[in-house]
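Chemist: Here you go, this is model-v2.cif (mmCIF, C-alpha atoms).
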data_start
loop_
_atom_site.group_PDB
_atom_site.id
_atom_site.type_symbol
_atom_site.label_atom_id
_atom_site.label_comp_id
_atom_site.auth_asym_id
_atom_site.auth_seq_id
_atom_site.Cartn_x
_atom_site.Cartn_y
_atom_site.Cartn_z
ATOM 1 C CA MET L 1 99.591 103.909 83.325
ATOM 2 C CA THR L 2 97.882 100.673 84.383
ATOM 3 C CA GLU L 3 95.392 100.936 87.212
ATOM 4 C CA PRO L 4 96.319 98.820 90.236
ATOM 5 C CA GLY L 5 94.405 95.560 90.470
ATOM 6 C CA ARG L 6 92.167 94.460 93.316
ATOM 7 C CA ARG L 7 95.009 92.642 95.074
ATOM 8 C CA GLU L 8 97.299 95.674 94.903
ATOM 9 C CA ARG L 9 94.537 97.972 96.171
ATOM 10 C CA LYS L 10 93.813 95.648 99.073
ATOM 11 C CA LYS L 11 97.511 95.441 99.920
ATOM 12 C CA ALA L 12 97.850 99.242 99.843
ATOM 13 C CA ALA L 13 94.755 99.644 102.035
ATOM 14 C CA THR L 14 96.123 97.163 104.593
ATOM 15 C CA ARG L 15 99.482 98.925 104.636
ATOM 16 C CA LYS L 16 97.803 102.295 105.187
ATOM 17 C CA ALA L 17 95.594 100.912 107.971
ATOM 18 C CA ILE L 18 98.648 99.534 109.762
ATOM 19 C CA SER L 19 100.600 102.775 109.359
ATOM 20 C CA ASP L 20 97.656 104.903 110.524
ATOM 21 C CA ALA L 21 97.152 102.699 113.587
ATOM 22 C CA ALA L 22 100.855 102.862 114.408
ATOM 23 C CA THR L 23 100.997 106.643 114.042
ATOM 24 C CA ILE L 24 98.031 107.132 116.381
ATOM 25 C CA LEU L 25 99.539 104.874 119.044
ATOM 26 C CA PHE L 26 103.071 106.257 118.715
ATOM 27 C CA VAL L 27 101.964 109.890 118.957
ATOM 28 C CA GLU L 28 99.652 109.147 121.899
ATOM 29 C CA ARG L 29 102.030 107.006 123.955
ATOM 30 C CA GLY L 30 105.509 107.269 122.468
ATOM 31 C CA PHE L 31 107.315 105.036 120.011
ATOM 32 C CA ASP L 32 109.167 102.977 122.612
ATOM 33 C CA GLU L 33 106.021 102.360 124.656
ATOM 34 C CA VAL L 34 104.072 100.657 121.860
ATOM 35 C CA SER L 35 104.687 97.092 120.699
ATOM 36 C CA VAL L 36 104.201 95.744 117.194
ATOM 37 C CA ARG L 37 101.559 93.390 118.632
ATOM 38 C CA GLU L 38 99.580 96.409 119.860
ATOM 39 C CA VAL L 39 99.821 98.022 116.435
ATOM 40 C CA ALA L 40 98.579 94.785 114.867
ATOM 41 C CA GLU L 41 95.642 94.605 117.266
ATOM 42 C CA LYS L 42 94.603 98.197 116.552
ATOM 43 C CA ALA L 43 94.837 97.607 112.790
ATOM 44 C CA ASP L 44 93.001 94.268 113.154
ATOM 45 C CA VAL L 45 95.777 92.244 111.550
ATOM 46 C CA SER L 46 98.371 89.780 112.793
ATOM 47 C CA PRO L 47 101.930 90.759 113.777
ATOM 48 C CA THR L 48 103.088 88.640 110.828
ATOM 49 C CA THR L 49 101.047 90.838 108.500
ATOM 50 C CA VAL L 50 102.627 93.946 109.998
ATOM 51 C CA PHE L 51 106.118 92.627 109.282
ATOM 52 C CA ALA L 52 105.055 91.550 105.773
ATOM 53 C CA HIS L 53 104.476 95.234 105.015
ATOM 54 C CA PHE L 54 107.114 96.834 107.246
ATOM 55 C CA PRO L 55 110.511 95.138 107.756
ATOM 56 C CA GLN L 56 111.090 96.801 111.141
ATOM 57 C CA LYS L 57 109.182 98.820 113.693
ATOM 58 C CA GLU L 58 110.812 102.121 112.699
ATOM 59 C CA ALA L 59 109.533 101.701 109.128
ATOM 60 C CA LEU L 60 105.978 102.060 110.457
ATOM 61 C CA VAL L 61 106.693 105.726 111.104
ATOM 62 C CA PHE L 62 108.220 106.365 107.680
ATOM 63 C CA ASP L 63 105.660 104.538 105.558
ATOM 64 C CA GLU L 64 106.037 107.045 102.696
ATOM 65 C CA ASP L 65 109.808 106.621 102.441
ATOM 66 C CA ASP L 66 109.745 104.989 98.985
ATOM 67 C CA GLU L 67 107.085 107.390 97.735
ATOM 68 C CA ILE L 68 109.095 110.458 98.785
ATOM 69 C CA ARG L 69 112.191 109.100 97.048
ATOM 70 C CA GLU L 70 110.235 108.335 93.864
ATOM 71 C CA LYS L 71 108.679 111.819 93.875
ATOM 72 C CA LEU L 72 112.093 113.509 94.174
ATOM 73 C CA VAL L 73 113.469 111.489 91.270
ATOM 74 C CA ALA L 74 110.339 112.146 89.186
ATOM 75 C CA VAL L 75 110.687 115.912 89.706
ATOM 76 C CA VAL L 76 114.098 115.755 88.026
ATOM 77 C CA HIS L 77 113.180 113.380 85.202
ATOM 78 C CA ASP L 78 109.696 114.738 84.431
ATOM 79 C CA ARG L 79 110.262 118.481 84.776
ATOM 80 C CA PRO L 80 108.776 120.699 82.036
ATOM 81 C CA GLU L 81 111.014 121.484 79.088
ATOM 82 C CA GLY L 82 113.091 124.579 79.742
ATOM 83 C CA THR L 83 112.797 124.266 83.537
ATOM 84 C CA THR L 84 116.068 123.894 85.415
ATOM 85 C CA ILE L 85 116.483 121.109 87.943
ATOM 86 C CA THR L 86 116.896 123.663 90.719
ATOM 87 C CA GLU L 87 113.678 125.467 89.815
ATOM 88 C CA ALA L 88 111.742 122.221 89.407
ATOM 89 C CA LEU L 89 112.791 121.044 92.857
ATOM 90 C CA ARG L 90 111.974 124.426 94.433
ATOM 91 C CA ARG L 91 108.482 124.463 92.939
ATOM 92 C CA ALA L 92 107.829 120.852 93.916
ATOM 93 C CA LEU L 93 108.855 121.325 97.543
ATOM 94 C CA ILE L 94 106.710 124.434 97.907
ATOM 95 C CA MET L 95 103.737 122.589 96.426
ATOM 96 C CA TRP L 96 104.221 119.588 98.727
ATOM 97 C CA PHE L 97 104.344 121.784 101.804
ATOM 98 C CA THR L 98 101.421 124.035 100.904
ATOM 99 C CA GLU L 99 98.854 121.685 99.378
ATOM 100 C CA ASP L 100 97.832 120.247 102.773
ATOM 101 C CA ALA L 101 98.877 123.127 105.004
ATOM 102 C CA ASP L 102 95.861 123.646 107.267
ATOM 103 C CA ASP L 103 95.916 123.945 111.065
ATOM 104 C CA ASP L 104 95.314 120.227 111.627
ATOM 105 C CA PHE L 105 98.123 119.302 109.260
ATOM 106 C CA GLU L 106 100.516 121.725 110.941
ATOM 107 C CA GLU L 107 99.672 120.337 114.382
ATOM 108 C CA GLN L 108 100.114 116.745 113.229
ATOM 109 C CA ARG L 109 103.448 117.595 111.619
ATOM 110 C CA ALA L 110 104.676 119.280 114.813
ATOM 111 C CA ARG L 111 103.743 116.234 116.899
ATOM 112 C CA PHE L 112 105.345 113.918 114.352
ATOM 113 C CA ILE L 113 108.616 115.863 114.352
ATOM 114 C CA ALA L 114 108.630 116.004 118.159
ATOM 115 C CA MET L 115 108.184 112.229 118.321
ATOM 116 C CA ILE L 116 111.129 111.643 115.984
ATOM 117 C CA ASP L 117 113.354 114.140 117.794
ATOM 118 C CA SER L 118 112.668 112.482 121.149
ATOM 119 C CA THR L 119 113.338 108.913 119.948
ATOM 120 C CA PRO L 120 116.949 107.911 119.152
ATOM 121 C CA ALA L 121 115.917 104.887 117.060
ATOM 122 C CA LEU L 122 113.689 107.078 114.893
ATOM 123 C CA ARG L 123 116.368 109.754 114.523
ATOM 124 C CA ASP L 124 118.822 107.118 113.295
ATOM 125 C CA TYR L 125 116.302 105.580 110.909
ATOM 126 C CA SER L 126 115.352 109.024 109.616
ATOM 127 C CA ALA L 127 119.004 109.859 108.910
ATOM 128 C CA ARG L 128 119.400 106.650 106.909
ATOM 129 C CA MET L 129 116.189 107.334 105.011
ATOM 130 C CA TRP L 130 117.262 110.843 104.006
ATOM 131 C CA ALA L 131 120.683 109.496 102.980
ATOM 132 C CA ARG L 132 118.951 107.059 100.611
ATOM 133 C CA ASN L 133 116.890 109.917 99.225
ATOM 134 C CA THR L 134 120.056 111.961 98.702
ATOM 135 C CA ASP L 135 121.710 109.128 96.775
ATOM 136 C CA ALA L 136 118.652 108.589 94.568
ATOM 137 C CA LEU L 137 118.311 112.306 93.840
ATOM 138 C CA ALA L 138 122.027 112.651 93.061
ATOM 139 C CA ASP L 139 121.903 109.706 90.657
ATOM 140 C CA ALA L 140 118.845 111.173 88.912
ATOM 141 C CA ILE L 141 120.546 114.553 88.503
ATOM 142 C CA ALA L 142 123.708 112.905 87.177
ATOM 143 C CA ALA L 143 121.696 110.962 84.612
ATOM 144 C CA GLU L 144 119.749 114.051 83.517
ATOM 145 C CA THR L 145 122.870 116.159 83.107
ATOM 146 C CA GLY L 146 124.803 113.544 81.134
ATOM 147 C CA ARG L 147 127.385 112.675 83.755
ATOM 148 C CA ASP L 148 128.941 109.228 83.535
ATOM 149 C CA GLU L 149 128.890 108.986 87.322
ATOM 150 C CA THR L 150 127.616 110.916 90.313
ATOM 151 C CA ASP L 151 130.401 113.343 91.179
ATOM 152 C CA ASP L 152 131.001 115.257 94.403
ATOM 153 C CA ALA L 153 129.275 118.428 93.184
ATOM 154 C CA THR L 154 126.123 116.549 92.189
ATOM 155 C CA ARG L 155 126.029 114.652 95.460
ATOM 156 C CA LEU L 156 126.543 117.863 97.453
ATOM 157 C CA PHE L 157 123.740 119.625 95.574
ATOM 158 C CA ALA L 158 121.414 116.682 96.269
ATOM 159 C CA HIS L 159 122.447 116.639 99.927
ATOM 160 C CA LEU L 160 121.729 120.353 100.326
ATOM 161 C CA THR L 161 118.369 119.978 98.586
ATOM 162 C CA VAL L 162 117.352 117.207 100.959
ATOM 163 C CA GLN L 163 118.539 119.285 103.921
ATOM 164 C CA VAL L 164 116.280 122.124 102.775
ATOM 165 C CA GLN L 165 113.405 119.637 102.760
ATOM 166 C CA ILE L 166 114.276 118.422 106.266
ATOM 167 C CA MET L 167 114.533 121.969 107.626
ATOM 168 C CA ALA L 168 111.229 122.896 105.998
ATOM 169 C CA MET L 169 109.533 119.964 107.703
ATOM 170 C CA ALA L 170 110.642 121.213 111.106
ATOM 171 C CA SER L 171 109.878 124.881 110.446
ATOM 172 C CA ASP L 172 106.792 126.963 111.190
ATOM 173 C CA SER L 173 107.452 128.702 107.863
ATOM 174 C CA PRO L 174 108.410 125.941 105.409
ATOM 175 C CA THR L 175 107.919 128.101 102.319
ATOM 176 C CA ARG L 176 110.357 130.703 103.679
ATOM 177 C CA VAL L 177 112.939 127.983 104.372
ATOM 178 C CA ILE L 178 112.533 126.544 100.882
ATOM 179 C CA GLU L 179 112.775 129.924 99.164
ATOM 180 C CA THR L 180 115.852 130.858 101.213
ATOM 181 C CA GLY L 181 117.521 127.514 100.628
ATOM 182 C CA PHE L 182 117.034 127.508 96.889
ATOM 183 C CA ARG L 183 118.077 131.139 96.574
ATOM 184 C CA MET L 184 121.342 130.143 98.246
ATOM 185 C CA LEU L 185 121.705 127.138 95.959
ATOM 186 C CA SER L 186 121.116 129.321 92.905
ATOM 187 C CA ASP L 187 123.003 132.466 93.845
ATOM 188 C CA GLY L 188 125.472 131.375 96.500
ATOM 189 C CA TRP L 189 125.729 132.868 99.969
ATOM 190 C CA ASP L 190 128.177 135.130 101.733
ATOM 191 C CA PRO L 191 127.403 135.829 105.419
ATOM 192 C CA GLU L 192 129.108 139.218 105.098
ATOM 193 C CA ARG L 193 126.750 140.338 102.314
ATOM 194 C CA PRO L 194 123.412 141.589 103.707
ATOM 195 C CA ASP L 195 121.560 140.862 100.472
ATOM 196 C CA THR L 196 122.271 137.126 100.844
ATOM 197 C CA ALA L 197 121.057 136.807 104.435
#
Taking this structure as input, can you express it in the form of structure tokens?
Modeler:
Amino acid sequence: MTEPGRRERKKAATRKAISDAATILFVERGFDEVSVREVAEKADVSPTTVFAHFPQKEALVFDEDDEIREKLVAVVHDRPEGTTITEALRRALIMWFTEDADDDFEEQRARFIAMIDSTPALRDYSARMWARNTDALADAIAAETGRDETDDATRLFAHLTVQVQIMAMASDSPTRVIETGFRMLSDGWDPERPDTA
């Protein structure tokens, strides 16, 4: 894989500086109370530069949108030989939620989720983002399993997988949510059977 050049590294660093500045301001004061100009000032760039990296204000909050989508697709395509798609996704989600899980990370995540939940524009943007992730994951699964097109079952599986990820983000026990969700995806669930609760 080719290493990114100086221009690409500089662009990525500028994007991260803008996103970090935005996150600090949004969490401190609230999304609706902060202007793009204020974000630009904190990041020491122009408002034009902000919009060159982020098409709209809401995108500042979800700066890893493309990366998350690419990681989900890569889990399906690059899973070890003999590993099912379900198992590969379960392992990946657990790893993502545990590799940075210290007290500071947990506190930041809680504040981030609270900010999204309290801001209608962010809730709407988040829903659209996760829908895009669902579509990309469903298409990857369809391709890996030899389907000519993404059918309802594949799309539903992808939707449920993404919902497990969303619930894990908002949970104090993300690993428990992930394990429960993927057990249900693998084995099914009947609310009248105690062993599936």
Chemist: So which residues get picked by the PyMOL selection byres ((chain L and resi 160-173) around 8) here, written as an MDAnalysis selection string?
Modeler: chainID L and resid 93 109:110 113 130 133:134 156:159 174:178 181:182
Chemist: What do you get, as JSON, numbers by chain, if you spell out every residue that the PyMOL selection byres ((chain L and resi 11-22) around 6) selects here?
Modeler: {"L": [8, 9, 10, 23, 24, 25, 26, 39, 42, 43, 60]}
Chemist: When you draw a straight line from atom CA of L:Met115 to atom CA of L:Ala59, how long is it in Å?
Modeler: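 Rounded to one decimal, the two atoms are 14.0 Å apart.
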Chemist: For a test of reading the model, state the distance in Å between atom CA of L:Ser35 and atom CA of L:Val61, rounded to one decimal.
Modeler: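 Distance reported for this atom pair: 13.1 Å.
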Chemist: If the PyMOL selection byres ((chain L and resi 138-153) around 12) were run on this exact file, what residues would it hold? Put them as a PyMOL selection string.
Modeler: chain L and resi 69-79+84-86+88-89+131-137+154-162+185
Chemist: For the selection just defined, write its residues with C-alpha atoms to a file, as a CSV table (one decimal), keeping the file's coordinate frame.
Modeler:
chain,number,residue,atom,x,y,z
L,69,ARG,CA,112.2,109.1,97.0
L,70,GLU,CA,110.2,108.3,93.9
L,71,LYS,CA,108.7,111.8,93.9
L,72,LEU,CA,112.1,113.5,94.2
L,73,VAL,CA,113.5,111.5,91.3
L,74,ALA,CA,110.3,112.1,89.2
L,75,VAL,CA,110.7,115.9,89.7
L,76,VAL,CA,114.1,115.8,88.0
L,77,HIS,CA,113.2,113.4,85.2
L,78,ASP,CA,109.7,114.7,84.4
L,79,ARG,CA,110.3,118.5,84.8
L,84,THR,CA,116.1,123.9,85.4
L,85,ILE,CA,116.5,121.1,87.9
L,86,THR,CA,116.9,123.7,90.7
L,88,ALA,CA,111.7,122.2,89.4
L,89,LEU,CA,112.8,121.0,92.9
L,131,ALA,CA,120.7,109.5,103.0
L,132,ARG,CA,119.0,107.1,100.6
L,133,ASN,CA,116.9,109.9,99.2
L,134,THR,CA,120.1,112.0,98.7
L,135,ASP,CA,121.7,109.1,96.8
L,136,ALA,CA,118.7,108.6,94.6
L,137,LEU,CA,118.3,112.3,93.8
L,154,THR,CA,126.1,116.5,92.2
L,155,ARG,CA,126.0,114.7,95.5
L,156,LEU,CA,126.5,117.9,97.5
L,157,PHE,CA,123.7,119.6,95.6
L,158,ALA,CA,121.4,116.7,96.3
L,159,HIS,CA,122.4,116.6,99.9
L,160,LEU,CA,121.7,120.4,100.3
L,161,THR,CA,118.4,120.0,98.6
L,162,VAL,CA,117.4,117.2,101.0
L,185,LEU,CA,121.7,127.1,96.0
Chemist: Please report the interatomic distance between atom CA of L:Arg7 and atom CA of L:Glu38 in Å with one decimal.
Modeler: 25.5 Å
